[in-house]
Amino acid sequence: MTPRVVASGLRFPEGPTWLGDGAVAVVEMKGEAVSRVDADGTITRVGDCGGGPNGSALGADGELYVANNGGLSAEGTGYWHAPRQLDGCVQRVDPDGTVTRVTGELPGPAPHRPNDLCFGPDGTLYVTDSANWEDLRTIRPGHVVAIAADGSVAGSVEVPAMPNGVAFGPDGRLYLAQSLTRKILAFDVDGGEFGAPEQVLKLPAGMPDGFCFDGDGTLYVCGSIGNAVFVYSGGGLKETLETGDGTQPTNCCVGADGRLYVTYGLTGQLVAFDLGVTPAAPHTGSVTAVLEDS
């Protein structure tokens with residue numbers, strides 16, 4: 001299946017979020033910004049974040065929450081460092097473009113590398129901190145962090161081997177990509193309380209990055225360096241969507257138009273697979289604490 005290119009020229013896009021009316025928000029890690037991509041491919045910057053925006057989630061009032069890794073991106077065989085470095089954090093981008101920081105110090109030693117985030121059914125915001133992934137030989141364990149509505153850390157769990165993409169499944173559990181093991185794990189969660197992780201699957205190739213569910217419970221996992229999106233249904237691998245050499249699919253979302261939207265990091269594209277799927281019911285919340293302007 002050949003996807004349609006919705007937009008090109010994005011600066012290492014990640015974290016697509018369906019906004020409605022055919023529009024998708026993406027973070028641009030090398031652009032240090034959040035952008036809106038309309039159905040006709042028009043790209044509009046909606047938030048100047050600094051650092052390295054790495055994932056996004058839609059809030060209850062139309063605001064976007066951004067996992068900012070502080071200013072790091074992949075670049076071929078090396079790494080890109082942002083001109084405006086910051087300690088990794090979660091940011092809020094209001095509809096008028098105002099960017100504020102909504103978390104204080106995250107668990108564990110710096111550097112903090114927030115990677116992806118999602119809201120739970122009760123409005124708790126969950127964010128992954130991948131730790132020092134710029135030094136894979138000595139990478140430390142990362143964390144999944146639960147953030148309450150007032151911006152405080154409600155709880156966390158330590159996860160080794162680069163916790164990455166995160167989303168809630170139709171069974172109400174929190175699903176997590178553990179990139180360096182190629183596994184998808186699942187946790188029972190209740191606010192800041194985390195149960196023991198269960199291995200759900202292991203990718204046949206590549207490295208799991210971002211992922212999403214559709215309304216039927218089908219799971220779409222971006223294989224990143226494997227240049228493929230792996231589709232799981234009924235407990236097994238149903239289909240592999242090849243994305244082409246050098247694309248590096250980073251994350252995905254399902255729109256109300258029945259399309260699977262995927263960001264290609266290395267080629268700077270947002271593409272759409274016309275699968276005719278049903279979107280999952282979104283969870284939203286609002287983290288209102290503002291500690292400082294970004």
# chains A, B, ... in the order shown; residues from 1 in each chain; ligands from 1
call {"tool": "select_by_dssp", "arguments": {"residues": "range 47-189 of chain A", "states": "helix (DSSP H, G or I)", "output": "PDB file with N, CA, C and O atoms, in the first residue's frame"}}
result
ATOM      1  N   LEU A 136      24.038   5.309  24.070  1.00  0.00           N
ATOM      2  CA  LEU A 136      23.383   4.010  24.190  1.00  0.00           C
ATOM      3  C   LEU A 136      24.229   2.965  24.910  1.00  0.00           C
ATOM      4  O   LEU A 136      23.696   2.048  25.531  1.00  0.00           O
ATOM      5  N   ARG A 137      25.550   3.095  24.845  1.00  0.00           N
ATOM      6  CA  ARG A 137      26.400   2.091  25.504  1.00  0.00           C
ATOM      7  C   ARG A 137      26.287   2.156  27.021  1.00  0.00           C
ATOM      8  O   ARG A 137      26.509   1.153  27.716  1.00  0.00           O
ATOM      9  N   THR A 138      25.990   3.312  27.544  1.00  0.00           N
ATOM     10  CA  THR A 138      25.862   3.470  28.997  1.00  0.00           C
ATOM     11  C   THR A 138      24.510   4.078  29.368  1.00  0.00           C
ATOM     12  O   THR A 138      24.404   4.808  30.351  1.00  0.00           O
ATOM     13  N   SER A 179      12.195   0.349  23.546  1.00  0.00           N
ATOM     14  CA  SER A 179      12.806   0.340  22.221  1.00  0.00           C
ATOM     15  C   SER A 179      13.981  -0.620  22.084  1.00  0.00           C
ATOM     16  O   SER A 179      14.111  -1.315  21.074  1.00  0.00           O
ATOM     17  N   LEU A 180      14.874  -0.663  23.068  1.00  0.00           N
ATOM     18  CA  LEU A 180      16.104  -1.437  22.905  1.00  0.00           C
ATOM     19  C   LEU A 180      15.897  -2.936  23.034  1.00  0.00           C
ATOM     20  O   LEU A 180      16.789  -3.713  22.713  1.00  0.00           O
ATOM     21  N   THR A 181      14.720  -3.366  23.487  1.00  0.00           N
ATOM     22  CA  THR A 181      14.401  -4.800  23.527  1.00  0.00           C
ATOM     23  C   THR A 181      13.437  -5.203  22.410  1.00  0.00           C
ATOM     24  O   THR A 181      13.118  -6.377  22.280  1.00  0.00           O
TER      25      THR A 181
END
call {"tool": "residues_around", "arguments": {"residues": "range 263-278 of chain A", "least_positions_apart": "5", "cutoff": "7 Å", "atoms": "only C-alpha atoms", "output": "ChimeraX atom specification"}}
result
/A:3-14,16,214-216,246-252,256,258
call {"tool": "closest_residue", "arguments": {"among": "A:Tyr220, A:Glu158, A:Pro197, A:Thr240", "to": "Arg173 in chain A", "atoms": "only C-alpha atoms"}}
result
A:Pro197
call {"tool": "closest_atom_pairs", "arguments": {"of": "range 122-232 of chain A", "to": "range 76-98 of chain A", "cutoff": "9 Å", "atoms": "only C-alpha atoms", "output": "tab-separated table"}}
result
residue	atom	partner	partner_atom	distance
A:Val127	CA	A:Val90	CA	8.1
A:Asp129	CA	A:Gly88	CA	8.5
A:Glu134	CA	A:Tyr79	CA	7.3
call {"tool": "write_last_selection", "arguments": {"atoms": "N, CA and C atoms", "output": "short mmCIF file (atom, residue, chain, number, x, y, z; two decimals), in the first residue's frame"}}
result
data_model
loop_
_atom_site.label_atom_id
_atom_site.label_comp_id
_atom_site.auth_asym_id
_atom_site.auth_seq_id
_atom_site.Cartn_x
_atom_site.Cartn_y
_atom_site.Cartn_z
N VAL A 127 3.88 10.43 30.82
CA VAL A 127 4.96 10.81 29.92
C VAL A 127 6.13 9.85 30.11
N ASP A 129 10.18 9.15 29.91
CA ASP A 129 11.48 9.80 29.96
C ASP A 129 12.50 8.74 29.56
N GLU A 134 21.38 9.44 24.00
CA GLU A 134 22.50 9.85 23.15
C GLU A 134 23.76 9.06 23.45
#
call {"tool": "select_by_dssp", "arguments": {"residues": "range 43-286 of chain A", "states": "strand (DSSP E)", "output": "NGL selection string"}}
result
:A and (43-48 or 53-58 or 64-68 or 72-75 or 78-81 or 89-93 or 99-101 or 114-119 or 125-129 or 142-147 or 153-159 or 163-168 or 174-178 or 183-187 or 189-190 or 193-194 or 198-202 or 211-213 or 219-222 or 228-233 or 236-242 or 249-254 or 259-264 or 269-274)
call {"tool": "atom_distance", "arguments": {"atom1": "CA of Glu239 in chain A", "atom2": "CA of Gly165 in chain A"}}
result
19.9 Å
call {"tool": "residues_around", "arguments": {"residues": "Phe187 in chain A", "least_positions_apart": "5", "cutoff": "10 Å", "atoms": "only C-alpha atoms", "output": "PDB file with all heavy atoms, in the first residue's frame"}}
result
ATOM      1  N   PHE A 168      -2.853   4.384  25.689  1.00  0.00           N
ATOM      2  CA  PHE A 168      -3.782   3.490  26.370  1.00  0.00           C
ATOM      3  C   PHE A 168      -4.456   2.575  25.359  1.00  0.00           C
ATOM      4  O   PHE A 168      -4.848   3.001  24.272  1.00  0.00           O
ATOM      5  CB  PHE A 168      -4.836   4.280  27.145  1.00  0.00           C
ATOM      6  CG  PHE A 168      -4.392   4.628  28.530  1.00  0.00           C
ATOM      7  CD1 PHE A 168      -3.630   5.767  28.747  1.00  0.00           C
ATOM      8  CD2 PHE A 168      -4.689   3.809  29.606  1.00  0.00           C
ATOM      9  CE1 PHE A 168      -3.186   6.092  30.016  1.00  0.00           C
ATOM     10  CE2 PHE A 168      -4.251   4.117  30.876  1.00  0.00           C
ATOM     11  CZ  PHE A 168      -3.492   5.265  31.087  1.00  0.00           C
ATOM     12  N   GLY A 172      -7.908  -0.656  28.745  1.00  0.00           N
ATOM     13  CA  GLY A 172      -7.681   0.270  29.842  1.00  0.00           C
ATOM     14  C   GLY A 172      -6.288   0.240  30.412  1.00  0.00           C
ATOM     15  O   GLY A 172      -6.002   0.954  31.385  1.00  0.00           O
ATOM     16  N   ARG A 173      -5.414  -0.568  29.827  1.00  0.00           N
ATOM     17  CA  ARG A 173      -4.039  -0.615  30.313  1.00  0.00           C
ATOM     18  C   ARG A 173      -3.158   0.387  29.559  1.00  0.00           C
ATOM     19  O   ARG A 173      -3.472   0.783  28.422  1.00  0.00           O
ATOM     20  CB  ARG A 173      -3.454  -2.017  30.156  1.00  0.00           C
ATOM     21  CG  ARG A 173      -4.124  -3.065  31.023  1.00  0.00           C
ATOM     22  CD  ARG A 173      -3.330  -4.365  31.065  1.00  0.00           C
ATOM     23  NE  ARG A 173      -3.263  -5.015  29.751  1.00  0.00           N
ATOM     24  CZ  ARG A 173      -2.504  -6.081  29.485  1.00  0.00           C
ATOM     25  NH1 ARG A 173      -1.747  -6.601  30.442  1.00  0.00           N
ATOM     26  NH2 ARG A 173      -2.527  -6.622  28.292  1.00  0.00           N
ATOM     27  N   LEU A 174      -2.053   0.763  30.193  1.00  0.00           N
ATOM     28  CA  LEU A 174      -1.084   1.662  29.589  1.00  0.00           C
ATOM     29  C   LEU A 174      -0.041   0.824  28.846  1.00  0.00           C
ATOM     30  O   LEU A 174       0.637  -0.016  29.447  1.00  0.00           O
ATOM     31  CB  LEU A 174      -0.403   2.505  30.663  1.00  0.00           C
ATOM     32  CG  LEU A 174       0.609   3.543  30.169  1.00  0.00           C
ATOM     33  CD1 LEU A 174      -0.098   4.664  29.419  1.00  0.00           C
ATOM     34  CD2 LEU A 174       1.415   4.102  31.338  1.00  0.00           C
ATOM     35  N   TYR A 175       0.066   1.053  27.533  1.00  0.00           N
ATOM     36  CA  TYR A 175       1.011   0.318  26.705  1.00  0.00           C
ATOM     37  C   TYR A 175       2.259   1.173  26.475  1.00  0.00           C
ATOM     38  O   TYR A 175       2.173   2.398  26.332  1.00  0.00           O
ATOM     39  CB  TYR A 175       0.384  -0.062  25.369  1.00  0.00           C
ATOM     40  CG  TYR A 175      -0.604  -1.205  25.479  1.00  0.00           C
ATOM     41  CD1 TYR A 175      -1.827  -1.047  26.123  1.00  0.00           C
ATOM     42  CD2 TYR A 175      -0.296  -2.459  24.956  1.00  0.00           C
ATOM     43  CE1 TYR A 175      -2.722  -2.094  26.234  1.00  0.00           C
ATOM     44  CE2 TYR A 175      -1.187  -3.519  25.062  1.00  0.00           C
ATOM     45  CZ  TYR A 175      -2.398  -3.333  25.706  1.00  0.00           C
ATOM     46  OH  TYR A 175      -3.277  -4.378  25.826  1.00  0.00           O
ATOM     47  N   LEU A 176       3.421   0.506  26.425  1.00  0.00           N
ATOM     48  CA  LEU A 176       4.698   1.201  26.376  1.00  0.00           C
ATOM     49  C   LEU A 176       5.656   0.489  25.426  1.00  0.00           C
ATOM     50  O   LEU A 176       5.793  -0.740  25.468  1.00  0.00           O
ATOM     51  CB  LEU A 176       5.316   1.234  27.785  1.00  0.00           C
ATOM     52  CG  LEU A 176       6.748   1.751  27.905  1.00  0.00           C
ATOM     53  CD1 LEU A 176       6.791   3.254  27.661  1.00  0.00           C
ATOM     54  CD2 LEU A 176       7.328   1.398  29.271  1.00  0.00           C
ATOM     55  N   GLU A 193      -0.081   5.023  40.474  1.00  0.00           N
ATOM     56  CA  GLU A 193       0.265   3.646  40.849  1.00  0.00           C
ATOM     57  C   GLU A 193       0.411   2.793  39.594  1.00  0.00           C
ATOM     58  O   GLU A 193      -0.468   2.785  38.726  1.00  0.00           O
ATOM     59  CB  GLU A 193      -0.809   3.054  41.763  1.00  0.00           C
ATOM     60  CG  GLU A 193      -0.992   3.803  43.083  1.00  0.00           C
ATOM     61  CD  GLU A 193       0.209   3.667  43.988  1.00  0.00           C
ATOM     62  OE1 GLU A 193       0.859   2.599  43.970  1.00  0.00           O
ATOM     63  OE2 GLU A 193       0.515   4.638  44.713  1.00  0.00           O
ATOM     64  N   PHE A 194       1.515   2.054  39.525  1.00  0.00           N
ATOM     65  CA  PHE A 194       1.807   1.207  38.373  1.00  0.00           C
ATOM     66  C   PHE A 194       1.889  -0.248  38.803  1.00  0.00           C
ATOM     67  O   PHE A 194       2.568  -0.579  39.786  1.00  0.00           O
ATOM     68  CB  PHE A 194       3.148   1.586  37.734  1.00  0.00           C
ATOM     69  CG  PHE A 194       3.172   2.944  37.091  1.00  0.00           C
ATOM     70  CD1 PHE A 194       3.355   4.092  37.856  1.00  0.00           C
ATOM     71  CD2 PHE A 194       3.020   3.088  35.722  1.00  0.00           C
ATOM     72  CE1 PHE A 194       3.384   5.350  37.266  1.00  0.00           C
ATOM     73  CE2 PHE A 194       3.048   4.339  35.127  1.00  0.00           C
ATOM     74  CZ  PHE A 194       3.226   5.473  35.901  1.00  0.00           C
ATOM     75  N   GLY A 195       1.212  -1.130  38.057  1.00  0.00           N
ATOM     76  CA  GLY A 195       1.355  -2.551  38.282  1.00  0.00           C
ATOM     77  C   GLY A 195       2.604  -3.090  37.613  1.00  0.00           C
ATOM     78  O   GLY A 195       3.379  -2.349  36.991  1.00  0.00           O
ATOM     79  N   ALA A 196       2.823  -4.386  37.715  1.00  0.00           N
ATOM     80  CA  ALA A 196       3.981  -5.011  37.084  1.00  0.00           C
ATOM     81  C   ALA A 196       3.788  -5.049  35.565  1.00  0.00           C
ATOM     82  O   ALA A 196       2.676  -5.286  35.082  1.00  0.00           O
ATOM     83  CB  ALA A 196       4.172  -6.425  37.618  1.00  0.00           C
ATOM     84  N   PRO A 197       4.861  -4.832  34.794  1.00  0.00           N
ATOM     85  CA  PRO A 197       4.726  -4.848  33.334  1.00  0.00           C
ATOM     86  C   PRO A 197       4.535  -6.260  32.784  1.00  0.00           C
ATOM     87  O   PRO A 197       5.086  -7.218  33.311  1.00  0.00           O
ATOM     88  CB  PRO A 197       6.047  -4.253  32.855  1.00  0.00           C
ATOM     89  CG  PRO A 197       7.025  -4.581  33.942  1.00  0.00           C
ATOM     90  CD  PRO A 197       6.234  -4.514  35.221  1.00  0.00           C
ATOM     91  N   GLU A 198       3.745  -6.347  31.727  1.00  0.00           N
ATOM     92  CA  GLU A 198       3.556  -7.606  31.005  1.00  0.00           C
ATOM     93  C   GLU A 198       4.009  -7.411  29.561  1.00  0.00           C
ATOM     94  O   GLU A 198       3.641  -6.424  28.917  1.00  0.00           O
ATOM     95  CB  GLU A 198       2.090  -8.021  31.004  1.00  0.00           C
ATOM     96  CG  GLU A 198       1.809  -9.272  30.178  1.00  0.00           C
ATOM     97  CD  GLU A 198       0.319  -9.517  29.979  1.00  0.00           C
ATOM     98  OE1 GLU A 198      -0.495  -8.933  30.714  1.00  0.00           O
ATOM     99  OE2 GLU A 198      -0.029 -10.294  29.063  1.00  0.00           O
ATOM    100  N   GLN A 199       4.817  -8.342  29.047  1.00  0.00           N
ATOM    101  CA  GLN A 199       5.203  -8.270  27.641  1.00  0.00           C
ATOM    102  C   GLN A 199       4.025  -8.670  26.770  1.00  0.00           C
ATOM    103  O   GLN A 199       3.438  -9.734  26.939  1.00  0.00           O
ATOM    104  CB  GLN A 199       6.386  -9.180  27.346  1.00  0.00           C
ATOM    105  CG  GLN A 199       6.810  -9.148  25.881  1.00  0.00           C
ATOM    106  CD  GLN A 199       7.972 -10.062  25.560  1.00  0.00           C
ATOM    107  OE1 GLN A 199       8.819 -10.313  26.419  1.00  0.00           O
ATOM    108  NE2 GLN A 199       8.031 -10.583  24.341  1.00  0.00           N
TER     109      GLN A 199
END
call {"tool": "closest_residue", "arguments": {"among": "A:Leu237, A:Gly108, A:Tyr232, A:Phe119", "to": "Val189 in chain A", "atoms": "only C-alpha atoms"}}
result
A:Phe119
call {"tool": "closest_residue", "arguments": {"among": "A:His112, A:His143, A:Lys30, A:Arg36", "to": "Trp18 in chain A", "atoms": "only C-alpha atoms"}}
result
A:Arg36
call {"tool": "closest_residue", "arguments": {"among": "A:Met162, A:Leu219, A:Met29, A:Ile43", "to": "Leu72 in chain A", "atoms": "only C-alpha atoms"}}
result
A:Met29
call {"tool": "closest_residue", "arguments": {"among": "A:Thr243, A:Thr100, A:Ser152, A:Ser56", "to": "Leu19 in chain A", "atoms": "only C-alpha atoms"}}
result
A:Ser56
call {"tool": "atom_distance", "arguments": {"atom1": "CA of Thr288 in chain A", "atom2": "CA of Thr128 in chain A"}}
result
19.5 Å
call {"tool": "residues_around", "arguments": {"residues": "Asp116 in chain A", "least_positions_apart": "6", "cutoff": "9 Å", "atoms": "only C-alpha atoms", "output": "ChimeraX atom specification"}}
result
/A:15,54-57,66-68,126-129,164-167,210
call {"tool": "write_last_selection", "arguments": {"atoms": "N, CA, C and O atoms", "output": "mmCIF file, in the first residue's frame"}}
result
data_model
loop_
_atom_site.group_PDB
_atom_site.id
_atom_site.type_symbol
_atom_site.label_atom_id
_atom_site.label_comp_id
_atom_site.auth_asym_id
_atom_site.auth_seq_id
_atom_site.Cartn_x
_atom_site.Cartn_y
_atom_site.Cartn_z
ATOM 1 N N GLY A 15 5.360 12.621 16.828
ATOM 2 C CA GLY A 15 4.179 12.860 17.631
ATOM 3 C C GLY A 15 2.966 13.448 16.945
ATOM 4 O O GLY A 15 2.474 14.497 17.368
ATOM 5 N N ASN A 54 9.247 16.209 21.143
ATOM 6 C CA ASN A 54 9.379 14.803 20.786
ATOM 7 C C ASN A 54 8.046 14.068 20.687
ATOM 8 O O ASN A 54 7.958 12.996 20.105
ATOM 9 N N GLY A 55 6.981 14.607 21.275
ATOM 10 C CA GLY A 55 5.663 13.973 21.232
ATOM 11 C C GLY A 55 4.604 14.983 21.610
ATOM 12 O O GLY A 55 4.908 16.015 22.219
ATOM 13 N N SER A 56 3.348 14.696 21.254
ATOM 14 C CA SER A 56 2.269 15.633 21.579
ATOM 15 C C SER A 56 1.002 14.880 21.944
ATOM 16 O O SER A 56 0.803 13.726 21.557
ATOM 17 N N ALA A 57 0.150 15.567 22.716
ATOM 18 C CA ALA A 57 -1.159 15.037 23.092
ATOM 19 C C ALA A 57 -2.125 16.206 23.205
ATOM 20 O O ALA A 57 -1.754 17.277 23.692
ATOM 21 N N VAL A 66 3.284 18.813 25.136
ATOM 22 C CA VAL A 66 4.460 18.407 24.379
ATOM 23 C C VAL A 66 5.495 17.778 25.311
ATOM 24 O O VAL A 66 5.847 18.362 26.346
ATOM 25 N N ALA A 67 5.978 16.595 24.943
ATOM 26 C CA ALA A 67 7.134 15.998 25.608
ATOM 27 C C ALA A 67 8.379 16.554 24.924
ATOM 28 O O ALA A 67 8.618 16.281 23.746
ATOM 29 N N ASN A 68 9.140 17.371 25.647
ATOM 30 C CA ASN A 68 10.323 18.013 25.075
ATOM 31 C C ASN A 68 11.570 17.359 25.662
ATOM 32 O O ASN A 68 11.799 17.405 26.872
ATOM 33 N N TYR A 126 0.442 10.865 31.316
ATOM 34 C CA TYR A 126 1.575 9.948 31.433
ATOM 35 C C TYR A 126 2.617 10.318 30.389
ATOM 36 O O TYR A 126 2.295 10.487 29.207
ATOM 37 N N VAL A 127 3.876 10.433 30.824
ATOM 38 C CA VAL A 127 4.960 10.806 29.918
ATOM 39 C C VAL A 127 6.130 9.845 30.110
ATOM 40 O O VAL A 127 6.430 9.427 31.236
ATOM 41 N N THR A 128 6.761 9.469 29.019
ATOM 42 C CA THR A 128 7.959 8.643 29.093
ATOM 43 C C THR A 128 9.199 9.532 29.105
ATOM 44 O O THR A 128 9.268 10.546 28.412
ATOM 45 N N ASP A 129 10.175 9.148 29.911
ATOM 46 C CA ASP A 129 11.482 9.802 29.956
ATOM 47 C C ASP A 129 12.498 8.736 29.559
ATOM 48 O O ASP A 129 12.756 7.795 30.314
ATOM 49 N N ASN A 164 9.725 4.486 25.449
ATOM 50 C CA ASN A 164 9.543 5.379 24.306
ATOM 51 C C ASN A 164 8.057 5.691 24.120
ATOM 52 O O ASN A 164 7.468 6.398 24.912
ATOM 53 N N GLY A 165 7.432 5.159 23.062
ATOM 54 C CA GLY A 165 6.035 5.450 22.782
ATOM 55 C C GLY A 165 5.108 4.955 23.881
ATOM 56 O O GLY A 165 5.391 3.962 24.556
ATOM 57 N N VAL A 166 3.974 5.648 24.045
ATOM 58 C CA VAL A 166 3.044 5.302 25.111
ATOM 59 C C VAL A 166 1.626 5.632 24.662
ATOM 60 O O VAL A 166 1.391 6.637 23.993
ATOM 61 N N ALA A 167 0.665 4.751 25.014
ATOM 62 C CA ALA A 167 -0.747 4.964 24.676
ATOM 63 C C ALA A 167 -1.598 4.008 25.496
ATOM 64 O O ALA A 167 -1.130 2.941 25.921
ATOM 65 N N GLY A 210 6.870 5.242 18.305
ATOM 66 C CA GLY A 210 5.504 5.581 18.658
ATOM 67 C C GLY A 210 4.514 4.572 18.098
ATOM 68 O O GLY A 210 4.817 3.817 17.166
#
